[in-house]
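Structure file start04.pdb (PDB, C-alpha atoms) is printed below.
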ATOM      1  CA  MET A   1     -44.487  -8.741 -23.453
ATOM      2  CA  GLU A   2     -41.890  -8.500 -20.698
ATOM      3  CA  TYR A   3     -41.741 -11.049 -17.952
ATOM      4  CA  LYS A   4     -39.567 -11.503 -14.931
ATOM      5  CA  LEU A   5     -38.699 -14.569 -12.842
ATOM      6  CA  ARG A   6     -38.442 -14.428  -9.049
ATOM      7  CA  LYS A   7     -38.469 -16.622  -5.938
ATOM      8  CA  ALA A   8     -41.922 -17.024  -4.443
ATOM      9  CA  GLU A   9     -42.705 -15.217  -1.190
ATOM     10  CA  PRO A  10     -45.373 -15.909   1.478
ATOM     11  CA  ARG A  11     -47.736 -13.418  -0.193
ATOM     12  CA  ASP A  12     -47.715 -15.591  -3.327
ATOM     13  CA  VAL A  13     -49.464 -18.637  -1.838
ATOM     14  CA  SER A  14     -52.825 -17.800  -3.389
ATOM     15  CA  ASP A  15     -51.260 -17.517  -6.863
ATOM     16  CA  ILE A  16     -49.336 -20.745  -6.256
ATOM     17  CA  LEU A  17     -52.544 -22.549  -5.313
ATOM     18  CA  ARG A  18     -54.355 -21.085  -8.327
ATOM     19  CA  LEU A  19     -51.646 -22.335 -10.700
ATOM     20  CA  VAL A  20     -51.449 -25.739  -8.957
ATOM     21  CA  LYS A  21     -55.200 -26.073  -9.603
ATOM     22  CA  GLU A  22     -54.887 -24.922 -13.224
ATOM     23  CA  LEU A  23     -52.198 -27.493 -13.889
ATOM     24  CA  ALA A  24     -54.261 -30.182 -12.146
ATOM     25  CA  LYS A  25     -57.226 -29.184 -14.337
ATOM     26  CA  TYR A  26     -55.018 -29.543 -17.443
ATOM     27  CA  GLU A  27     -54.191 -33.074 -16.178
ATOM     28  CA  GLU A  28     -57.929 -33.683 -15.552
ATOM     29  CA  MET A  29     -57.305 -34.153 -11.817
ATOM     30  CA  GLU A  30     -58.571 -30.829 -10.421
ATOM     31  CA  ASP A  31     -60.798 -32.371  -7.753
ATOM     32  CA  GLN A  32     -57.735 -34.081  -6.263
ATOM     33  CA  VAL A  33     -56.194 -30.824  -5.050
ATOM     34  CA  MET A  34     -56.809 -30.864  -1.289
ATOM     35  CA  LEU A  35     -54.054 -28.469  -0.323
ATOM     36  CA  THR A  36     -54.976 -25.083   1.178
ATOM     37  CA  GLU A  37     -53.209 -21.705   1.189
ATOM     38  CA  LYS A  38     -52.582 -22.184   4.912
ATOM     39  CA  GLU A  39     -50.719 -25.447   4.301
ATOM     40  CA  LEU A  40     -48.743 -23.951   1.423
ATOM     41  CA  LEU A  41     -47.750 -21.122   3.738
ATOM     42  CA  GLU A  42     -46.654 -23.361   6.639
ATOM     43  CA  ASP A  43     -44.969 -25.908   4.416
ATOM     44  CA  GLY A  44     -43.121 -23.491   2.127
ATOM     45  CA  PHE A  45     -42.313 -20.557   4.316
ATOM     46  CA  GLY A  46     -41.830 -22.000   7.810
ATOM     47  CA  ASP A  47     -38.602 -23.032   9.560
ATOM     48  CA  THR A  48     -38.086 -25.999   7.244
ATOM     49  CA  PRO A  49     -39.407 -25.366   3.744
ATOM     50  CA  PHE A  50     -40.660 -28.581   2.147
ATOM     51  CA  TYR A  51     -40.790 -26.987  -1.294
ATOM     52  CA  HIS A  52     -39.523 -23.941  -3.205
ATOM     53  CA  CYS A  53     -41.142 -22.015  -6.060
ATOM     54  CA  ILE A  54     -39.969 -19.840  -8.921
ATOM     55  CA  LEU A  55     -42.670 -17.575 -10.357
ATOM     56  CA  ALA A  56     -42.981 -15.819 -13.716
ATOM     57  CA  GLU A  57     -44.643 -12.427 -13.544
ATOM     58  CA  ILE A  58     -45.807 -10.025 -16.261
ATOM     59  CA  GLN A  59     -47.085  -6.475 -16.274
ATOM     60  CA  GLY A  60     -50.892  -6.424 -16.068
ATOM     61  CA  GLU A  61     -52.845  -5.567 -19.196
ATOM     62  CA  ASN A  62     -54.181  -2.291 -17.801
ATOM     63  CA  GLY A  63     -50.676  -0.925 -18.002
ATOM     64  CA  THR A  64     -50.791  -0.016 -14.324
ATOM     65  CA  ASP A  65     -48.413  -1.393 -11.654
ATOM     66  CA  ASP A  66     -50.606  -4.441 -11.642
ATOM     67  CA  LEU A  67     -48.367  -7.515 -11.938
ATOM     68  CA  LYS A  68     -49.739 -10.932 -12.799
ATOM     69  CA  VAL A  69     -48.236 -14.328 -11.963
ATOM     70  CA  VAL A  70     -48.523 -16.416 -15.153
ATOM     71  CA  GLY A  71     -46.199 -19.366 -14.590
ATOM     72  CA  PHE A  72     -44.482 -21.310 -11.820
ATOM     73  CA  ALA A  73     -42.189 -24.173 -11.005
ATOM     74  CA  MET A  74     -42.325 -25.992  -7.672
ATOM     75  CA  TYR A  75     -39.203 -27.957  -6.741
ATOM     76  CA  TYR A  76     -37.310 -29.459  -3.808
ATOM     77  CA  PHE A  77     -34.118 -31.398  -3.220
ATOM     78  CA  THR A  78     -33.991 -35.172  -3.193
ATOM     79  CA  TYR A  79     -31.168 -37.654  -2.771
ATOM     80  CA  ASP A  80     -29.970 -40.314  -5.138
ATOM     81  CA  PRO A  81     -27.966 -42.902  -3.193
ATOM     82  CA  TRP A  82     -25.748 -43.473  -6.253
ATOM     83  CA  SER A  83     -24.828 -39.889  -7.056
ATOM     84  CA  GLY A  84     -26.091 -37.603  -4.299
ATOM     85  CA  LYS A  85     -28.243 -34.471  -4.349
ATOM     86  CA  GLN A  86     -30.838 -34.022  -7.073
ATOM     87  CA  LEU A  87     -33.176 -31.182  -7.891
ATOM     88  CA  TYR A  88     -36.669 -32.602  -8.147
ATOM     89  CA  LEU A  89     -39.055 -30.647 -10.336
ATOM     90  CA  GLU A  90     -42.514 -31.294  -8.924
ATOM     91  CA  ASP A  91     -44.842 -28.931 -10.812
ATOM     92  CA  PHE A  92     -44.079 -26.775 -13.840
ATOM     93  CA  TYR A  93     -46.756 -24.733 -15.611
ATOM     94  CA  VAL A  94     -47.196 -21.648 -17.774
ATOM     95  CA  MET A  95     -50.741 -20.363 -18.368
ATOM     96  CA  ASP A  96     -51.943 -21.169 -21.895
ATOM     97  CA  LYS A  97     -52.218 -17.558 -22.987
ATOM     98  CA  TYR A  98     -48.578 -16.865 -22.087
ATOM     99  CA  ARG A  99     -46.899 -19.769 -23.813
ATOM    100  CA  GLY A 100     -44.496 -19.452 -26.731
ATOM    101  CA  MET A 101     -42.645 -16.487 -25.201
ATOM    102  CA  GLY A 102     -39.788 -18.473 -23.736
ATOM    103  CA  ILE A 103     -41.038 -18.372 -20.138
ATOM    104  CA  GLY A 104     -40.849 -22.162 -19.753
ATOM    105  CA  SER A 105     -37.322 -22.282 -21.168
ATOM    106  CA  ALA A 106     -36.225 -19.427 -18.907
ATOM    107  CA  ILE A 107     -37.631 -21.195 -15.839
ATOM    108  CA  LEU A 108     -35.869 -24.421 -16.781
ATOM    109  CA  LYS A 109     -32.624 -22.514 -17.310
ATOM    110  CA  GLN A 110     -32.905 -20.925 -13.883
ATOM    111  CA  LEU A 111     -33.619 -24.325 -12.317
ATOM    112  CA  SER A 112     -30.560 -25.735 -14.091
ATOM    113  CA  ASP A 113     -28.398 -22.861 -12.733
ATOM    114  CA  LEU A 114     -29.712 -23.548  -9.276
ATOM    115  CA  ALA A 115     -29.054 -27.266  -9.587
ATOM    116  CA  MET A 116     -25.441 -26.560 -10.565
ATOM    117  CA  LYS A 117     -24.960 -23.978  -7.821
ATOM    118  CA  THR A 118     -26.250 -26.369  -5.162
ATOM    119  CA  ARG A 119     -24.028 -29.165  -6.503
ATOM    120  CA  CYS A 120     -26.833 -31.434  -7.664
ATOM    121  CA  THR A 121     -25.873 -34.215 -10.038
ATOM    122  CA  GLY A 122     -29.152 -34.146 -11.928
ATOM    123  CA  MET A 123     -32.755 -33.020 -12.102
ATOM    124  CA  MET A 124     -35.641 -35.507 -11.933
ATOM    125  CA  PHE A 125     -39.377 -35.248 -12.529
ATOM    126  CA  VAL A 126     -42.336 -37.359 -13.641
ATOM    127  CA  VAL A 127     -44.374 -36.743 -16.768
ATOM    128  CA  ALA A 128     -47.710 -38.324 -17.652
ATOM    129  CA  GLU A 129     -47.138 -40.785 -20.488
ATOM    130  CA  ASN A 130     -49.799 -39.162 -22.682
ATOM    131  CA  ASN A 131     -48.389 -35.639 -22.281
ATOM    132  CA  GLU A 132     -46.594 -35.594 -25.636
ATOM    133  CA  SER A 133     -45.818 -31.890 -25.822
ATOM    134  CA  SER A 134     -44.181 -31.895 -22.387
ATOM    135  CA  ILE A 135     -42.269 -35.072 -23.174
ATOM    136  CA  ASN A 136     -40.940 -33.426 -26.339
ATOM    137  CA  PHE A 137     -40.077 -30.200 -24.470
ATOM    138  CA  TYR A 138     -37.939 -32.217 -22.045
ATOM    139  CA  LYS A 139     -36.433 -34.645 -24.536
ATOM    140  CA  GLN A 140     -35.314 -31.737 -26.732
ATOM    141  CA  ARG A 141     -33.264 -30.621 -23.749
ATOM    142  CA  GLY A 142     -31.686 -33.997 -23.113
ATOM    143  CA  ALA A 143     -34.114 -35.624 -20.682
ATOM    144  CA  GLU A 144     -34.164 -39.417 -20.602
ATOM    145  CA  ASP A 145     -37.208 -41.509 -19.826
ATOM    146  CA  LEU A 146     -35.945 -43.691 -16.981
ATOM    147  CA  SER A 147     -39.243 -45.562 -16.846
ATOM    148  CA  GLU A 148     -38.507 -46.705 -20.388
ATOM    149  CA  GLU A 149     -34.759 -47.225 -20.067
ATOM    150  CA  GLU A 150     -34.512 -48.686 -16.602
ATOM    151  CA  GLY A 151     -38.054 -49.922 -15.959
ATOM    152  CA  TRP A 152     -38.769 -47.811 -12.874
ATOM    153  CA  ARG A 153     -42.400 -47.597 -11.789
ATOM    154  CA  LEU A 154     -43.774 -45.128  -9.258
ATOM    155  CA  TYR A 155     -45.624 -46.604  -6.287
ATOM    156  CA  LYS A 156     -47.454 -45.161  -3.363
ATOM    157  CA  PHE A 157     -48.933 -46.054   0.023
ATOM    158  CA  HIS A 158     -52.022 -44.040   0.869
ATOM    159  CA  LYS A 159     -52.493 -42.691   4.370
ATOM    160  CA  GLU A 160     -54.911 -45.494   5.359
ATOM    161  CA  ASP A 161     -52.258 -48.037   4.474
ATOM    162  CA  LEU A 162     -49.655 -46.128   6.497
ATOM    163  CA  LEU A 163     -51.987 -46.084   9.496
ATOM    164  CA  LYS A 164     -52.517 -49.826   9.184
ATOM    165  CA  LEU A 165     -48.775 -50.412   8.877
ATOM    166  CA  ALA A 166     -47.964 -48.141  11.803
ATOM    167  CA  ALA A 167     -50.596 -49.697  14.079
ATOM    168  CA  PRO A 168     -49.298 -51.734  17.022
ATOM    169  CA  ALA A 169     -51.293 -54.882  16.153
ATOM    170  CA  GLU A 170     -48.942 -57.294  14.363
ATOM    171  CA  GLU A 171     -49.475 -59.935  11.654
TER     172      GLU A 171
ATOM    173  CA  MET B   1     -32.289 -65.337  15.221
ATOM    174  CA  ALA B   2     -34.775 -62.547  15.503
ATOM    175  CA  ASN B   3     -32.615 -60.357  17.644
ATOM    176  CA  PHE B   4     -32.144 -56.996  16.000
ATOM    177  CA  ILE B   5     -32.626 -53.323  16.750
ATOM    178  CA  LEU B   6     -33.699 -50.492  14.503
ATOM    179  CA  ARG B   7     -32.261 -47.052  15.060
ATOM    180  CA  LYS B   8     -31.654 -43.742  13.341
ATOM    181  CA  ALA B   9     -28.338 -43.716  11.488
ATOM    182  CA  GLU B  10     -25.516 -41.667  12.954
ATOM    183  CA  SER B  11     -22.465 -40.137  11.298
ATOM    184  CA  LYS B  12     -20.402 -43.185  12.289
ATOM    185  CA  ASP B  13     -22.675 -45.325  10.083
ATOM    186  CA  VAL B  14     -21.728 -43.756   6.728
ATOM    187  CA  SER B  15     -19.388 -46.562   5.716
ATOM    188  CA  ASP B  16     -22.089 -49.189   6.409
ATOM    189  CA  ILE B  17     -24.639 -47.049   4.558
ATOM    190  CA  LEU B  18     -22.355 -46.844   1.519
ATOM    191  CA  ARG B  19     -21.667 -50.579   1.667
ATOM    192  CA  LEU B  20     -25.392 -51.377   1.728
ATOM    193  CA  ILE B  21     -26.127 -48.874  -1.070
ATOM    194  CA  LYS B  22     -23.535 -50.704  -3.193
ATOM    195  CA  GLU B  23     -24.974 -54.110  -2.303
ATOM    196  CA  LEU B  24     -28.448 -52.995  -3.304
ATOM    197  CA  ALA B  25     -27.099 -51.457  -6.525
ATOM    198  CA  LYS B  26     -25.353 -54.769  -7.235
ATOM    199  CA  PHE B  27     -28.674 -56.604  -6.723
ATOM    200  CA  GLU B  28     -30.148 -54.175  -9.314
ATOM    201  CA  GLU B  29     -27.132 -54.821 -11.567
ATOM    202  CA  MET B  30     -26.095 -51.158 -11.397
ATOM    203  CA  GLU B  31     -23.140 -51.308  -9.001
ATOM    204  CA  GLU B  32     -20.710 -49.261 -11.109
ATOM    205  CA  GLN B  33     -23.174 -46.366 -11.088
ATOM    206  CA  VAL B  34     -22.562 -45.677  -7.401
ATOM    207  CA  ILE B  35     -20.203 -42.716  -7.437
ATOM    208  CA  LEU B  36     -21.170 -41.361  -4.032
ATOM    209  CA  THR B  37     -18.454 -41.366  -1.348
ATOM    210  CA  GLU B  38     -18.529 -41.634   2.450
ATOM    211  CA  LYS B  39     -17.555 -37.947   2.540
ATOM    212  CA  ASP B  40     -20.614 -36.992   0.431
ATOM    213  CA  LEU B  41     -22.881 -39.117   2.639
ATOM    214  CA  LEU B  42     -21.454 -37.461   5.742
ATOM    215  CA  GLU B  43     -21.865 -33.882   4.501
ATOM    216  CA  ASP B  44     -25.239 -34.503   2.924
ATOM    217  CA  GLY B  45     -26.800 -36.497   5.754
ATOM    218  CA  PHE B  46     -25.240 -35.157   8.907
ATOM    219  CA  GLY B  47     -24.558 -31.487   8.180
ATOM    220  CA  ASP B  48     -26.705 -28.442   8.992
ATOM    221  CA  HIS B  49     -29.274 -29.397   6.439
ATOM    222  CA  PRO B  50     -29.730 -33.157   5.987
ATOM    223  CA  PHE B  51     -30.746 -34.110   2.445
ATOM    224  CA  TYR B  52     -31.647 -37.624   3.521
ATOM    225  CA  HIS B  53     -32.388 -39.709   6.642
ATOM    226  CA  CYS B  54     -31.545 -43.329   7.316
ATOM    227  CA  LEU B  55     -32.850 -46.082   9.542
ATOM    228  CA  VAL B  56     -30.450 -48.950  10.110
ATOM    229  CA  ALA B  57     -30.966 -52.454  11.520
ATOM    230  CA  GLU B  58     -28.221 -53.856  13.710
ATOM    231  CA  VAL B  59     -27.670 -57.349  15.081
ATOM    232  CA  PRO B  60     -25.579 -58.310  18.118
ATOM    233  CA  LYS B  61     -21.907 -59.207  17.480
ATOM    234  CA  GLU B  62     -22.575 -62.898  17.883
ATOM    235  CA  HIS B  63     -24.911 -62.755  14.858
ATOM    236  CA  GLN B  64     -22.681 -60.646  12.621
ATOM    237  CA  SER B  65     -22.562 -61.355   8.902
ATOM    238  CA  SER B  66     -19.953 -63.687   7.426
ATOM    239  CA  GLU B  67     -17.752 -60.645   6.747
ATOM    240  CA  GLY B  68     -18.174 -59.323  10.275
ATOM    241  CA  TYR B  69     -20.847 -56.661   9.777
ATOM    242  CA  THR B  70     -23.470 -55.917  12.421
ATOM    243  CA  VAL B  71     -25.390 -53.286  10.422
ATOM    244  CA  ILE B  72     -27.307 -55.569   8.077
ATOM    245  CA  ALA B  73     -30.209 -53.491   6.683
ATOM    246  CA  PHE B  74     -31.145 -49.906   5.973
ATOM    247  CA  ALA B  75     -33.776 -47.591   4.602
ATOM    248  CA  MET B  76     -32.943 -44.162   3.177
ATOM    249  CA  TYR B  77     -35.773 -41.624   2.975
ATOM    250  CA  TYR B  78     -36.516 -37.907   2.768
ATOM    251  CA  PHE B  79     -39.523 -35.621   2.607
ATOM    252  CA  THR B  80     -41.039 -34.491  -0.657
ATOM    253  CA  TYR B  81     -44.054 -32.351  -1.521
ATOM    254  CA  ASP B  82     -47.121 -33.133  -3.549
ATOM    255  CA  PRO B  83     -48.829 -29.926  -4.667
ATOM    256  CA  TRP B  84     -52.229 -31.620  -4.357
ATOM    257  CA  ILE B  85     -51.907 -33.066  -0.851
ATOM    258  CA  GLY B  86     -48.759 -31.693   0.760
ATOM    259  CA  LYS B  87     -45.913 -33.480   2.551
ATOM    260  CA  LEU B  88     -44.907 -36.989   1.551
ATOM    261  CA  LEU B  89     -42.342 -39.423   2.868
ATOM    262  CA  TYR B  90     -40.234 -40.660  -0.026
ATOM    263  CA  LEU B  91     -38.583 -44.050   0.438
ATOM    264  CA  GLU B  92     -35.420 -43.931  -1.653
ATOM    265  CA  ASP B  93     -33.501 -47.111  -0.792
ATOM    266  CA  PHE B  94     -34.614 -50.109   1.246
ATOM    267  CA  TYR B  95     -32.465 -53.232   1.624
ATOM    268  CA  VAL B  96     -31.930 -56.187   3.970
ATOM    269  CA  MET B  97     -28.814 -58.320   3.430
ATOM    270  CA  GLN B  98     -29.757 -61.671   1.961
ATOM    271  CA  ASP B  99     -28.736 -63.805   4.962
ATOM    272  CA  PHE B 100     -30.907 -61.711   7.252
ATOM    273  CA  ARG B 101     -34.166 -61.924   5.353
ATOM    274  CA  GLY B 102     -37.241 -63.757   6.581
ATOM    275  CA  PHE B 103     -36.950 -62.487  10.159
ATOM    276  CA  GLY B 104     -39.347 -59.568   9.838
ATOM    277  CA  ILE B 105     -36.641 -56.910   9.600
ATOM    278  CA  GLY B 106     -38.069 -55.437   6.388
ATOM    279  CA  SER B 107     -41.590 -55.386   7.812
ATOM    280  CA  GLN B 108     -40.373 -53.711  10.964
ATOM    281  CA  ILE B 109     -38.485 -51.043   9.000
ATOM    282  CA  LEU B 110     -41.587 -50.326   6.953
ATOM    283  CA  LYS B 111     -43.628 -50.081  10.163
ATOM    284  CA  VAL B 112     -41.229 -47.513  11.664
ATOM    285  CA  LEU B 113     -41.249 -45.540   8.399
ATOM    286  CA  SER B 114     -45.047 -45.568   8.397
ATOM    287  CA  GLU B 115     -45.062 -44.277  11.977
ATOM    288  CA  THR B 116     -42.636 -41.535  10.982
ATOM    289  CA  ALA B 117     -44.834 -40.589   8.030
ATOM    290  CA  VAL B 118     -47.948 -40.409  10.186
ATOM    291  CA  LYS B 119     -46.179 -38.483  12.995
ATOM    292  CA  THR B 120     -44.803 -35.891  10.563
ATOM    293  CA  ARG B 121     -48.247 -35.476   9.024
ATOM    294  CA  CYS B 122     -47.361 -36.883   5.627
ATOM    295  CA  SER B 123     -50.306 -37.774   3.431
ATOM    296  CA  SER B 124     -48.583 -40.651   1.733
ATOM    297  CA  MET B 125     -45.346 -42.559   1.174
ATOM    298  CA  HIS B 126     -43.995 -42.782  -2.379
ATOM    299  CA  PHE B 127     -41.193 -44.891  -3.820
ATOM    300  CA  ILE B 128     -40.174 -46.449  -7.108
ATOM    301  CA  VAL B 129     -39.673 -50.129  -7.835
ATOM    302  CA  ALA B 130     -38.068 -51.722 -10.878
ATOM    303  CA  GLU B 131     -40.818 -53.345 -12.923
ATOM    304  CA  ASN B 132     -39.019 -56.705 -12.967
ATOM    305  CA  ASN B 133     -38.522 -56.815  -9.191
ATOM    306  CA  LYS B 134     -41.449 -59.157  -8.576
ATOM    307  CA  CYS B 135     -40.778 -60.035  -4.942
ATOM    308  CA  SER B 136     -40.466 -56.386  -3.896
ATOM    309  CA  ILE B 137     -43.609 -55.505  -5.844
ATOM    310  CA  GLU B 138     -45.466 -58.261  -3.997
ATOM    311  CA  PHE B 139     -44.035 -57.180  -0.606
ATOM    312  CA  TYR B 140     -45.434 -53.676  -1.209
ATOM    313  CA  LYS B 141     -48.714 -54.685  -2.838
ATOM    314  CA  ARG B 142     -49.553 -56.999   0.104
ATOM    315  CA  ARG B 143     -49.324 -53.929   2.287
ATOM    316  CA  GLY B 144     -51.634 -51.872   0.100
ATOM    317  CA  ALA B 145     -49.246 -50.116  -2.279
ATOM    318  CA  ALA B 146     -50.723 -48.854  -5.543
ATOM    319  CA  ASP B 147     -48.727 -48.747  -8.793
ATOM    320  CA  LEU B 148     -49.154 -45.135  -9.907
ATOM    321  CA  SER B 149     -47.211 -45.774 -13.111
ATOM    322  CA  TYR B 150     -49.923 -48.243 -13.993
ATOM    323  CA  GLU B 151     -52.931 -46.400 -12.600
ATOM    324  CA  GLU B 152     -52.027 -42.878 -13.573
ATOM    325  CA  GLY B 153     -49.424 -43.337 -16.314
ATOM    326  CA  TRP B 154     -46.570 -41.461 -14.641
ATOM    327  CA  ARG B 155     -43.126 -41.964 -16.144
ATOM    328  CA  LEU B 156     -39.910 -41.001 -14.363
ATOM    329  CA  PHE B 157     -37.572 -38.712 -16.281
ATOM    330  CA  ALA B 158     -34.082 -37.436 -15.558
ATOM    331  CA  ILE B 159     -31.860 -34.707 -16.990
ATOM    332  CA  ASP B 160     -28.256 -35.428 -16.194
ATOM    333  CA  LYS B 161     -25.558 -32.963 -15.230
ATOM    334  CA  GLU B 162     -24.145 -32.461 -18.752
ATOM    335  CA  ASP B 163     -27.510 -31.528 -20.140
ATOM    336  CA  LEU B 164     -28.204 -29.237 -17.165
ATOM    337  CA  LEU B 165     -24.885 -27.497 -17.867
ATOM    338  CA  LYS B 166     -25.828 -27.106 -21.530
ATOM    339  CA  MET B 167     -29.044 -25.403 -20.473
ATOM    340  CA  THR B 168     -27.282 -23.016 -18.123
ATOM    341  CA  THR B 169     -25.109 -21.720 -20.934
ATOM    342  CA  LYS B 170     -27.876 -21.201 -23.495
TER     343      LYS B 170
END
Turn the structure described in the file into structure tokens.
Amino acid sequence: MEYKLRKAEPRDVSDILRLVKELAKYEEMEDQVMLTEKELLEDGFGDTPFYHCILAEIQGENGTDDLKVVGFAMYYFTYDPWSGKQLYLEDFYVMDKYRGMGIGSAILKQLSDLAMKTRCTGMMFVVAENNESSINFYKQRGAEDLSEEEGWRLYKFHKEDLLKLAAPAEE
Amino acid sequence: MANFILRKAESKDVSDILRLIKELAKFEEMEEQVILTEKDLLEDGFGDHPFYHCLVAEVPKEHQSSEGYTVIAFAMYYFTYDPWIGKLLYLEDFYVMQDFRGFGIGSQILKVLSETAVKTRCSSMHFIVAENNKCSIEFYKRRGAADLSYEEGWRLFAIDKEDLLKMTTK
């Protein structure tokens, strides 16, 4: 089965959202996806893109010109104050049926090329601690678990907390 | 001494930004890992496409640090994207020089960052903290921060440049 990788375009937002939801479902968090196609469109294809996507596409099964998007990677650029620009891999998913063909490896290779071209000093991403197959996929390619080695833990402030913090009333 | 101002960093601030990055790295016992230069900070933060933003805290000359610095705190942040909820503000570095703590500078910086997040329609602010950094963890938890590594089991991974290069040649 032939596949091809390409940069996402505005017309792809419904496929992007579909794959975001499939990956969330795989992580048992599907009901947490609040994002809409409209937001994906504004945020990814406006004046300042907040994310970028690479898509993997195959020829549809009917043998017509029908192409199907079967995998994606969503990424953006971050900044490490010790070494500079980083490529941050936010979501990375290949539909179950299309695994084992090298699509994931090809996407990661393209991301690595891009990271080098844009003079990034590394690529970062988070992985759920129970996602053994993904952890192995990454470790086979040299990834280090910084949570393990350096003790970093990911924190967040929800919007309600931000509103409280931003409010004029002081402690 | 509670006299300080917060402002957006300008290109003239890159040497103070680098100094404070190194001080924070030293506090985390990682000082020799800072390979960034003032030139990188200038190109990356003040060029056509900024890869980061900084807030700095400045005190009047009469309150300068023992080595004569008036820029005594900073926060470095940028915007990231959560595919479930959209734009996020990511707090990358956040540091107040030791002698200037306890005056509310950190709280004020966090307040301005929160305002920025809300104004730019971010759904959340994310950041990482070293698990042994108890006082920072408490500072954040008092203000409502949740430990996603704990609650959701996320672990931070990195692929360094050599391994990226290996993948590009495969």
Nearest-residue call for chain B, choices A:Met74, A:Val69, A:Leu35, A:Ile107, using only C-alpha atoms:
A:Leu35
Which residues match the PyMOL selection byres ((chain A) within 6 of (chain B)) in the file above, as a count of residues only?
36
One decimal, Å: what's the distance from atom CA of A:Val70 over to atom CA of A:Lys97, could you say?
8.7 Å
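Closest to B:Asp16 among B:Glu29, B:Glu62, B:Thr70, B:Gly47 is B:Thr70, based on only C-alpha atoms.
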One decimal, Å: what's the distance from atom CA of A:Gln86 over to atom CA of A:Phe137, could you say?
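Interatomic distance here is 20.1 Å.
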Evaluate the PyMOL selection byres ((chain A and resi 20) around 8) here and jot the selected residues down as an MDAnalysis selection string.
(chainID A and resid 16:19 21:24 33 91) or (chainID B and resid 83:84)
Measure the distance from atom CA of B:Cys54 to atom CA of B:Arg101 in Å and round it to one decimal.
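Separating atom CA of B:Cys54 from atom CA of B:Arg101 is a distance of 18.9 Å.
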List, as an MDAnalysis selection string, every residue that the PyMOL selection byres ((chain A and resi 93) around 7) selects in the file provided.
chainID A and resid 23 71:73 91:92 94:95
Taking all atoms of stretch 106-119 of chain B that the file lists and extending 8 Å past them on each side, where is the centre of the axis-aligned box and how long are its edges? Answer in Å to one decimal, as AutoDock Vina command-line options.
--center_x -43.0 --center_y -47.0 --center_z 9.7 --size_x 25.9 --size_y 33.0 --size_z 22.6
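Residues surrounding A:Ala8 within 9 Å are Arg6, Pro10, Arg11, Asp12, Val13, Ile16, His52, Cys53, Ile54, Leu55 and Phe72 of chain A [all atoms listed in the file; sequence separation below 2 positions excluded].
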Considering only C-alpha atoms, state which residue in the set A:Thr48, A:Ser134, A:Gln110, A:Thr78 is at the smallest distance from A:Lys4.
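For A:Lys4, the nearest of the given residues is A:Gln110.
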Given the point (-38.7, -59.5, 11.2) in the file's coordinates, find the residues that have an atom at most 12 Å from it, counting all atoms listed in the file, and give them as a ChimeraX atom specification.
/A:170-171 /B:1-6,57,59,73,96,100-111
Counting all atoms listed in the file, figure out which residue out of B:Ser15, B:Phe139, B:Lys26, B:Lys134 gets nearest to B:Val71.
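Nearest candidate to B:Val71 out of B:Ser15, B:Phe139, B:Lys26, B:Lys134: B:Ser15.
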Would you please work out which residue, of B:Phe74, B:Tyr69, B:Glu38, B:Gln64, is nearest to B:Tyr95 when using only C-alpha atoms?
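Nearest to B:Tyr95: B:Phe74.
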